[in-house]
Amino acid sequence: MTQQAAFNQGLIKFLQSSPSPAHAVTTMVAQLEEAGYQALNESEEWQLQPGQGYWIVRGGRSLVAFRLGNKPVAESGVRMMGAHTDSPCLKVKPKAELLRQGYLQLGVEVYGGVLMHPWFDRDLSLAGQVHFRNESGKLTSALLDVVKPIAIIPSLAIHLNREANKNSEINAQLHLPPVLGLDASDDASPSLVLREWLATWLRKAGHSVAEVVDYDLCFYDTQPPALVGLEQEFISSARLDNLLSCYTGLHALLAVDKLATNKPQAATSLLVCNDHEEVGSSSAIGAEGPFLESVLRRLSGDEQKYQRMMARSMLISCDNAHAIHPNYADKHDENHGPKINAGPVIKVNANQRYATNSETSALFSSFCDMAKVPYQHFVVRADMGCGSTIGPIAATKLGVRVVDVGAPQWSMHSIRETAGTKDAWYLGQALQAFISTWDGE
Ligand SMILES: [Zn+2]
């Protein structure tokens, strides 16, 4: 198997083992531990050793990992990569049980900008965090992934809505609650009480559970990721936005470590993966919160050193980009329609919806040149609004140089997205060139 094929197999494995942001963070932590990184606790004093790798998790769903360089950070800066752990999805409401027409359903809340149509007629499962009281009365939590399909959102037959292919509005409150089964009880209370069902499930998984208190659970598609296309040139999966970037950033961080075993890196390299990007990033663990800044302040020492460090730092914010769609090509500017498998996309927006400027764009393209990988540009049509990402938020909070880039993909925010087999690899090569060679100037 080529290095690139092994990289893509790793991506597929990562996507499949990460049905929720908490699972994505847990998967990344396992890889960091395996690579010799150590856990840091935000509530404890840190004693950092040059050359050592560390990771910090906040809220179970956001992660910062860094390898401290041998040179003082004030003199070498930090080479940062950013991504987000969350994807638009349907989250289970706190009092979720519904009984309609003799069917058991769960009420859901729409998380982020979900493209709703593709959620119908999928074999859905449930994953996330569950908080429970154990047999000795202590409040604790565990990850849950039901794995098997336990729910479906059936679409309405075309015979009952002849206009379905022209306009079929989806009312999230009425039309999205997934069906879990038939209700067997003969009174008005549902036979499924979710918290009891979760407690039973967790006990079977070996946890000591007296009572489930709360949860953060999302539905997900059980169809595994797949290579698609005559030449298997596409990767089709849920959550490519933006687990593809989390995986690629982590892979780059660890790959440079491996290259550097005999010659430790002079400068510090860092990966931040935030939750809550899809809902605007304003939270204690989102990119607008203080997580990254507090880690950077702690690793710099004092204010003078922090400011000197930041002046020599840069963040490559990685989030997937919109590839041009052959059936809807007029949705792109004629000169800025990125193609799948033609390299990472530099995202530009004069109104600062992307943080890229001509300096950071030039730097990123030079990393691509150094890595011998192609790159492309994206600017939204002048008559359309532009999306955004963690780049402008990090730039505003930290005052650091930022470039917004990403692998091109189709169907962003669908339950099934499609990217290329070359682009994540290309992006990873450019990231490696950045963290192993950039001199902070
Ligand atoms: Zn994204």
# chains A, B, ... in the order shown; residues from 1 in each chain; ligands from 1

call {"tool": "residues_near_ligand", "arguments": {"ligand": "ligand 1", "cutoff": "12 Å", "atoms": "only C-alpha atoms and all ligand atoms", "output": "CSV table (one decimal) with N, CA, C and O atoms, in the first residue's frame"}}
result
chain,number,residue,atom,x,y,z
A,82,GLY,N,-5.3,24.6,12.8
A,82,GLY,CA,-6.7,24.6,13.5
A,82,GLY,C,-7.7,23.9,12.6
A,82,GLY,O,-7.6,23.9,11.4
A,83,ALA,N,-8.7,23.3,13.3
A,83,ALA,CA,-9.8,22.6,12.7
A,83,ALA,C,-10.9,22.6,13.6
A,83,ALA,O,-10.8,23.1,14.8
A,84,HIS,N,-12.1,22.0,13.2
A,84,HIS,CA,-13.2,21.8,14.2
A,84,HIS,C,-13.7,20.4,14.3
A,84,HIS,O,-13.7,19.7,13.3
A,85,THR,N,-14.1,20.0,15.5
A,85,THR,CA,-14.5,18.6,15.7
A,85,THR,C,-16.0,18.4,15.4
A,85,THR,O,-16.4,17.2,15.4
A,86,ASP,N,-16.8,19.4,15.3
A,86,ASP,CA,-18.3,19.2,15.2
A,86,ASP,C,-18.7,19.2,13.8
A,86,ASP,O,-18.0,19.8,12.9
A,87,SER,N,-19.9,18.7,13.5
A,87,SER,CA,-20.5,18.6,12.2
A,87,SER,C,-22.0,18.9,12.5
A,87,SER,O,-22.5,18.5,13.5
A,88,PRO,N,-22.7,19.5,11.5
A,88,PRO,CA,-24.1,19.7,11.7
A,88,PRO,C,-24.8,18.3,11.9
A,88,PRO,O,-24.4,17.3,11.2
A,112,GLY,N,-26.6,23.3,14.1
A,112,GLY,CA,-25.8,23.9,12.9
A,112,GLY,C,-26.6,23.9,11.6
A,112,GLY,O,-27.9,23.6,11.6
A,113,GLY,N,-26.0,24.2,10.5
A,113,GLY,CA,-26.7,24.3,9.3
A,113,GLY,C,-26.9,23.0,8.5
A,113,GLY,O,-26.2,22.7,7.5
A,114,VAL,N,-27.7,22.2,9.1
A,114,VAL,CA,-28.0,20.8,8.5
A,114,VAL,C,-28.6,20.9,7.1
A,114,VAL,O,-29.6,21.6,7.0
A,239,ARG,N,-19.4,13.7,8.0
A,239,ARG,CA,-18.5,14.5,8.8
A,239,ARG,C,-17.1,14.8,8.2
A,239,ARG,O,-16.2,15.1,8.9
A,240,LEU,N,-17.0,14.7,6.9
A,240,LEU,CA,-15.7,15.1,6.2
A,240,LEU,C,-15.4,16.5,6.6
A,240,LEU,O,-14.3,16.9,6.9
A,241,ASP,N,-16.5,17.4,6.6
A,241,ASP,CA,-16.4,18.7,7.2
A,241,ASP,C,-16.6,18.5,8.7
A,241,ASP,O,-17.8,18.4,9.1
A,242,ASN,N,-15.7,18.5,9.6
A,242,ASN,CA,-14.3,18.9,9.3
A,242,ASN,C,-13.3,17.9,10.0
A,242,ASN,O,-12.2,18.2,10.3
A,243,LEU,N,-13.8,16.6,10.1
A,243,LEU,CA,-12.9,15.6,10.7
A,243,LEU,C,-11.8,15.3,9.7
A,243,LEU,O,-10.7,14.9,10.2
A,244,LEU,N,-12.0,15.6,8.4
A,244,LEU,CA,-10.9,15.4,7.5
A,244,LEU,C,-9.7,16.3,7.9
A,244,LEU,O,-8.5,15.9,7.9
A,245,SER,N,-10.0,17.5,8.3
A,245,SER,CA,-8.9,18.5,8.7
A,245,SER,C,-8.3,18.1,10.1
A,245,SER,O,-7.1,18.3,10.3
A,246,CYS,N,-9.2,17.6,11.0
A,246,CYS,CA,-8.7,17.2,12.3
A,246,CYS,C,-7.6,16.1,12.1
A,246,CYS,O,-6.5,16.1,12.7
A,273,CYS,N,-8.2,21.8,17.9
A,273,CYS,CA,-9.5,21.3,17.2
A,273,CYS,C,-10.6,21.7,18.2
A,273,CYS,O,-10.8,21.2,19.3
A,274,ASN,N,-11.4,22.7,17.7
A,274,ASN,CA,-12.5,23.2,18.6
A,274,ASN,C,-13.9,22.6,18.2
A,274,ASN,O,-14.2,22.4,17.0
A,275,ASP,N,-14.7,22.5,19.2
A,275,ASP,CA,-16.1,22.2,19.0
A,275,ASP,C,-16.8,23.5,18.7
A,275,ASP,O,-16.2,24.6,18.8
A,276,HIS,N,-18.1,23.4,18.3
A,276,HIS,CA,-19.0,24.5,18.2
A,276,HIS,C,-18.8,25.5,17.0
A,276,HIS,O,-19.3,26.6,17.0
A,277,GLU,N,-17.9,25.1,16.1
A,277,GLU,CA,-17.7,25.9,14.9
A,277,GLU,C,-19.0,26.1,14.1
A,277,GLU,O,-19.4,27.1,13.6
A,278,GLU,N,-19.8,25.0,14.0
A,278,GLU,CA,-21.0,25.0,13.2
A,278,GLU,C,-22.1,25.8,13.8
A,278,GLU,O,-23.1,26.1,13.1
A,279,VAL,N,-21.9,26.3,15.0
A,279,VAL,CA,-23.0,27.1,15.6
A,279,VAL,C,-22.4,28.5,16.0
A,279,VAL,O,-22.9,29.2,16.9
A,280,GLY,N,-21.3,28.9,15.4
A,280,GLY,CA,-20.7,30.2,15.6
A,280,GLY,C,-19.5,30.3,16.5
A,280,GLY,O,-19.0,31.4,16.7
A,281,SER,N,-19.1,29.3,17.2
A,281,SER,CA,-17.9,29.2,18.0
A,281,SER,C,-17.9,29.9,19.3
A,281,SER,O,-16.9,29.9,20.0
A,317,SER,N,-5.6,27.7,9.3
A,317,SER,CA,-7.0,27.2,9.7
A,317,SER,C,-7.5,26.4,8.6
A,317,SER,O,-7.7,26.8,7.5
A,318,CYS,N,-7.8,25.1,8.9
A,318,CYS,CA,-8.2,24.1,7.9
A,318,CYS,C,-9.6,23.8,8.1
A,318,CYS,O,-10.1,23.3,9.1
A,319,ASP,N,-10.4,24.0,7.0
A,319,ASP,CA,-11.8,23.7,7.0
A,319,ASP,C,-12.2,23.5,5.5
A,319,ASP,O,-11.7,24.2,4.7
A,320,ASN,N,-12.9,22.4,5.3
A,320,ASN,CA,-13.2,22.1,3.9
A,320,ASN,C,-13.8,23.2,3.0
A,320,ASN,O,-14.5,24.1,3.6
A,321,ALA,N,-13.5,23.2,1.7
A,321,ALA,CA,-14.0,24.2,0.8
A,321,ALA,C,-15.0,23.6,-0.2
A,321,ALA,O,-15.1,22.4,-0.3
A,322,HIS,N,-15.8,24.5,-0.8
A,322,HIS,CA,-16.8,24.0,-1.8
A,322,HIS,C,-16.1,23.7,-3.1
A,322,HIS,O,-15.7,24.7,-3.8
A,387,GLY,N,-19.6,31.9,3.4
A,387,GLY,CA,-19.5,31.2,4.7
A,387,GLY,C,-18.3,31.7,5.5
A,387,GLY,O,-17.6,32.6,5.1
A,388,SER,N,-18.1,31.1,6.7
A,388,SER,CA,-17.0,31.5,7.5
A,388,SER,C,-16.5,30.3,8.3
A,388,SER,O,-17.0,29.2,8.1
A,389,THR,N,-15.4,30.5,9.1
A,389,THR,CA,-14.8,29.4,9.8
A,389,THR,C,-14.1,29.9,11.0
A,389,THR,O,-14.3,31.1,11.4
A,390,ILE,N,-13.2,29.1,11.6
A,390,ILE,CA,-12.5,29.5,12.8
A,390,ILE,C,-11.4,30.5,12.5
A,390,ILE,O,-10.9,31.2,13.5
A,391,GLY,N,-11.0,30.6,11.3
A,391,GLY,CA,-9.8,31.5,10.9
A,391,GLY,C,-10.0,32.9,11.4
A,391,GLY,O,-9.2,33.4,12.2
A,404,ASP,N,-6.8,30.9,5.8
A,404,ASP,CA,-7.9,29.9,5.8
A,404,ASP,C,-7.8,29.0,4.5
A,404,ASP,O,-7.7,29.5,3.4
A,405,VAL,N,-7.6,27.7,4.7
A,405,VAL,CA,-7.5,26.8,3.6
A,405,VAL,C,-8.4,25.6,3.9
A,405,VAL,O,-9.0,25.4,5.0
A,406,GLY,N,-8.5,24.7,2.9
A,406,GLY,CA,-9.2,23.4,3.2
A,406,GLY,C,-9.3,22.6,1.9
A,406,GLY,O,-9.1,23.0,0.8
A,407,ALA,N,-9.5,21.3,2.2
A,407,ALA,CA,-9.7,20.3,1.0
A,407,ALA,C,-11.0,20.6,0.4
A,407,ALA,O,-12.0,20.8,1.1
A,408,PRO,N,-11.1,20.6,-1.0
A,408,PRO,CA,-12.4,20.8,-1.6
A,408,PRO,C,-13.3,19.6,-1.5
A,408,PRO,O,-12.9,18.4,-1.4
A,409,GLN,N,-14.6,19.8,-1.3
A,409,GLN,CA,-15.6,18.7,-1.2
A,409,GLN,C,-16.9,19.2,-1.8
A,409,GLN,O,-17.2,20.3,-1.9
A,411,SER,N,-21.3,18.7,-1.4
A,411,SER,CA,-22.4,18.3,-0.4
A,411,SER,C,-22.1,18.7,1.0
A,411,SER,O,-22.5,18.0,1.9
A,412,MET,N,-21.5,19.9,1.2
A,412,MET,CA,-21.1,20.3,2.6
A,412,MET,C,-22.4,20.3,3.4
A,412,MET,O,-23.4,20.9,3.0
A,413,HIS,N,-22.3,19.8,4.6
A,413,HIS,CA,-23.4,19.7,5.6
A,413,HIS,C,-24.5,18.7,5.3
A,413,HIS,O,-25.5,18.7,6.0
A,414,SER,N,-24.2,17.9,4.3
A,414,SER,CA,-25.1,16.7,4.1
A,414,SER,C,-24.7,15.6,5.1
A,414,SER,O,-23.7,15.7,5.6
A,417,GLU,N,-21.1,13.3,2.7
A,417,GLU,CA,-20.3,14.3,1.9
A,417,GLU,C,-19.3,13.6,1.0
A,417,GLU,O,-18.9,12.4,1.3

call {"tool": "residues_around", "arguments": {"residues": "segment 30-33 of chain A", "least_positions_apart": "3", "cutoff": "9 Å", "atoms": "only C-alpha atoms", "output": "MDAnalysis selection string"}}
result
chainID A and resid 25:27 36:39 53:55 65 250 254

call {"tool": "residues_around", "arguments": {"residues": "Glu441 of chain A", "least_positions_apart": "5", "cutoff": "10 Å", "atoms": "only C-alpha atoms", "output": "list in words"}}
result
Ser76, Gly77, Ala311, Arg312, Ser313, Met314 and Leu363 of chain A

call {"tool": "write_last_selection", "arguments": {"atoms": "N, CA, C and O atoms", "output": "mmCIF file, in the first residue's frame"}}
result
data_model
loop_
_atom_site.group_PDB
_atom_site.id
_atom_site.type_symbol
_atom_site.label_atom_id
_atom_site.label_comp_id
_atom_site.auth_asym_id
_atom_site.auth_seq_id
_atom_site.Cartn_x
_atom_site.Cartn_y
_atom_site.Cartn_z
ATOM 1 N N SER A 76 10.985 31.798 18.576
ATOM 2 C CA SER A 76 10.670 30.964 17.405
ATOM 3 C C SER A 76 9.189 30.948 17.040
ATOM 4 O O SER A 76 8.828 30.503 15.960
ATOM 5 N N GLY A 77 8.323 31.454 17.920
ATOM 6 C CA GLY A 77 6.894 31.454 17.621
ATOM 7 C C GLY A 77 6.293 30.057 17.667
ATOM 8 O O GLY A 77 6.953 29.077 18.017
ATOM 9 N N ALA A 311 4.025 37.428 17.578
ATOM 10 C CA ALA A 311 4.496 38.159 16.392
ATOM 11 C C ALA A 311 5.261 37.238 15.443
ATOM 12 O O ALA A 311 5.426 37.544 14.264
ATOM 13 N N ARG A 312 5.711 36.105 15.959
ATOM 14 C CA ARG A 312 6.447 35.147 15.133
ATOM 15 C C ARG A 312 5.620 33.901 14.815
ATOM 16 O O ARG A 312 6.153 32.891 14.386
ATOM 17 N N SER A 313 4.320 33.964 15.096
ATOM 18 C CA SER A 313 3.482 32.769 14.933
ATOM 19 C C SER A 313 2.544 32.908 13.742
ATOM 20 O O SER A 313 2.319 33.999 13.224
ATOM 21 N N MET A 314 1.994 31.764 13.362
ATOM 22 C CA MET A 314 0.994 31.756 12.286
ATOM 23 C C MET A 314 0.071 30.559 12.506
ATOM 24 O O MET A 314 0.486 29.520 13.025
ATOM 25 N N LEU A 363 2.462 32.789 1.814
ATOM 26 C CA LEU A 363 3.195 31.824 2.639
ATOM 27 C C LEU A 363 2.660 30.411 2.414
ATOM 28 O O LEU A 363 3.430 29.472 2.210
#

call {"tool": "closest_residue", "arguments": {"among": "A:Ser17, A:Thr396, A:Ser141, A:Ser366", "to": "Tyr215 of chain A", "atoms": "only C-alpha atoms"}}
result
A:Ser141

call {"tool": "atom_distance", "arguments": {"atom1": "atom CA of Asn165 of chain A", "atom2": "atom CA of Tyr111 of chain A"}}
result
25.3 Å

call {"tool": "residues_around", "arguments": {"residues": "Arg297 of chain A", "least_positions_apart": "4", "cutoff": "7 Å", "atoms": "only C-alpha atoms", "output": "MDAnalysis selection string"}}
result
chainID A and resid 293 301 306

call {"tool": "closest_atom_pairs", "arguments": {"of": "segment 159-225 of chain A", "to": "segment 122-126 of chain A", "cutoff": "10 Å", "atoms": "only C-alpha atoms", "output": "CSV"}}
result
residue,atom,partner,partner_atom,distance
A:Pro178,CA,A:Leu124,CA,8.4
A:Val179,CA,A:Leu124,CA,9.8
A:Leu180,CA,A:Leu124,CA,9.5
A:Leu217,CA,A:Leu126,CA,6.5
A:Cys218,CA,A:Leu126,CA,5.7
A:Phe219,CA,A:Leu126,CA,4.5
A:Tyr220,CA,A:Ser125,CA,5.4
A:Asp221,CA,A:Leu124,CA,4.7
A:Thr222,CA,A:Leu124,CA,5.7
A:Gln223,CA,A:Asp123,CA,7.3

call {"tool": "write_last_selection", "arguments": {"atoms": "C-alpha atoms", "output": "mmCIF file, in the first residue's frame"}}
result
data_model
loop_
_atom_site.group_PDB
_atom_site.id
_atom_site.type_symbol
_atom_site.label_atom_id
_atom_site.label_comp_id
_atom_site.auth_asym_id
_atom_site.auth_seq_id
_atom_site.Cartn_x
_atom_site.Cartn_y
_atom_site.Cartn_z
ATOM 1 C CA PRO A 178 -36.711 9.768 13.954
ATOM 2 C CA VAL A 179 -38.882 6.683 14.476
ATOM 3 C CA LEU A 180 -37.411 4.067 16.833
ATOM 4 C CA LEU A 217 -26.392 12.664 21.936
ATOM 5 C CA CYS A 218 -26.595 13.024 18.191
ATOM 6 C CA PHE A 219 -28.005 10.794 15.511
ATOM 7 C CA TYR A 220 -25.615 9.663 12.798
ATOM 8 C CA ASP A 221 -25.681 7.575 9.627
ATOM 9 C CA THR A 222 -24.452 3.994 10.073
ATOM 10 C CA GLN A 223 -23.343 3.656 6.433
#

call {"tool": "select_by_dssp", "arguments": {"residues": "segment 16-244 of chain A", "states": "strand (DSSP E)", "output": "VMD selection string"}}
result
chain A and resid 38 to 39 53 to 58 62 to 67 78 to 84 89 to 100 103 to 111 124 to 133 139 to 145 179 to 182 211 to 221 226 to 228 234 to 237

call {"tool": "residues_around", "arguments": {"residues": "Asp383 of chain A", "least_positions_apart": "4", "cutoff": "12 Å", "atoms": "only C-alpha atoms", "output": "ChimeraX atom specification"}}
result
/A:330-333,379

call {"tool": "write_last_selection", "arguments": {"atoms": "N, CA and C atoms", "output": "PDB file, in the first residue's frame"}}
result
ATOM      1  N   ASP A 330     -22.739  27.053 -12.152  1.00  0.00           N
ATOM      2  CA  ASP A 330     -22.935  28.509 -12.069  1.00  0.00           C
ATOM      3  C   ASP A 330     -22.975  29.021 -10.626  1.00  0.00           C
ATOM      4  N   LYS A 331     -22.892  28.130  -9.664  1.00  0.00           N
ATOM      5  CA  LYS A 331     -22.854  28.575  -8.263  1.00  0.00           C
ATOM      6  C   LYS A 331     -21.452  29.048  -7.863  1.00  0.00           C
ATOM      7  N   HIS A 332     -20.474  28.853  -8.736  1.00  0.00           N
ATOM      8  CA  HIS A 332     -19.110  29.299  -8.448  1.00  0.00           C
ATOM      9  C   HIS A 332     -18.715  30.444  -9.386  1.00  0.00           C
ATOM     10  N   ASP A 333     -17.799  31.273  -8.944  1.00  0.00           N
ATOM     11  CA  ASP A 333     -17.166  32.268  -9.804  1.00  0.00           C
ATOM     12  C   ASP A 333     -16.402  31.513 -10.890  1.00  0.00           C
ATOM     13  N   VAL A 379     -12.927  32.105  -4.146  1.00  0.00           N
ATOM     14  CA  VAL A 379     -13.594  33.352  -3.765  1.00  0.00           C
ATOM     15  C   VAL A 379     -15.053  33.142  -4.131  1.00  0.00           C
TER      16      VAL A 379
END

call {"tool": "atom_distance", "arguments": {"atom1": "atom CA of Met1 of chain A", "atom2": "atom CA of Ala35 of chain A"}}
result
22.1 Å

call {"tool": "residues_around", "arguments": {"residues": "Val403 of chain A", "least_positions_apart": "6", "cutoff": "8 Å", "atoms": "only C-alpha atoms", "output": "list in words"}}
result
Leu315, Ile316, Ser317, Ile346, Lys347, Tyr354, Ala355, Thr356, Asn357, Thr360, Ser361, Phe364 and Gly391 of chain A

call {"tool": "closest_residue", "arguments": {"among": "A:Ser208, A:Asn161, A:Ser168, A:Asn70", "to": "Asn134 of chain A", "atoms": "only C-alpha atoms"}}
result
A:Ser208

call {"tool": "closest_residue", "arguments": {"among": "A:Ala96, A:Ile415, A:Leu299, A:Ala142", "to": "Met116 of chain A", "atoms": "only C-alpha atoms"}}
result
A:Ile415

call {"tool": "select_by_dssp", "arguments": {"residues": "segment 50-79 of chain A", "states": "alpha helix (DSSP H)", "output": "short mmCIF file (atom, residue, chain, number, x, y, z; two decimals) with all heavy atoms, in the first residue's frame"}}
result
data_model
loop_
_atom_site.label_atom_id
_atom_site.label_comp_id
_atom_site.auth_asym_id
_atom_site.auth_seq_id
_atom_site.Cartn_x
_atom_site.Cartn_y
_atom_site.Cartn_z
N VAL A 73 10.01 29.87 22.92
CA VAL A 73 8.88 30.22 22.04
C VAL A 73 8.90 31.70 21.66
O VAL A 73 8.44 32.07 20.58
CB VAL A 73 7.51 29.86 22.66
CG1 VAL A 73 7.24 28.39 22.54
CG2 VAL A 73 7.40 30.34 24.10
N ALA A 74 9.43 32.55 22.54
CA ALA A 74 9.47 33.99 22.22
C ALA A 74 10.35 34.25 21.01
O ALA A 74 10.17 35.22 20.28
CB ALA A 74 9.98 34.78 23.43
N GLU A 75 11.32 33.37 20.78
CA GLU A 75 12.24 33.56 19.66
C GLU A 75 11.84 32.79 18.41
O GLU A 75 12.33 33.08 17.32
CB GLU A 75 13.66 33.13 20.07
CG GLU A 75 14.29 34.10 21.04
CD GLU A 75 15.47 33.47 21.76
OE1 GLU A 75 16.15 32.61 21.17
OE2 GLU A 75 15.68 33.83 22.94
N SER A 76 10.99 31.80 18.58
CA SER A 76 10.67 30.96 17.40
C SER A 76 9.19 30.95 17.04
O SER A 76 8.83 30.50 15.96
CB SER A 76 11.15 29.53 17.66
OG SER A 76 10.58 29.04 18.85
#

call {"tool": "closest_residue", "arguments": {"among": "A:Ser43, A:Ser269, A:Gln52, A:Gln352", "to": "Ser294 of chain A", "atoms": "only C-alpha atoms"}}
result
A:Ser43
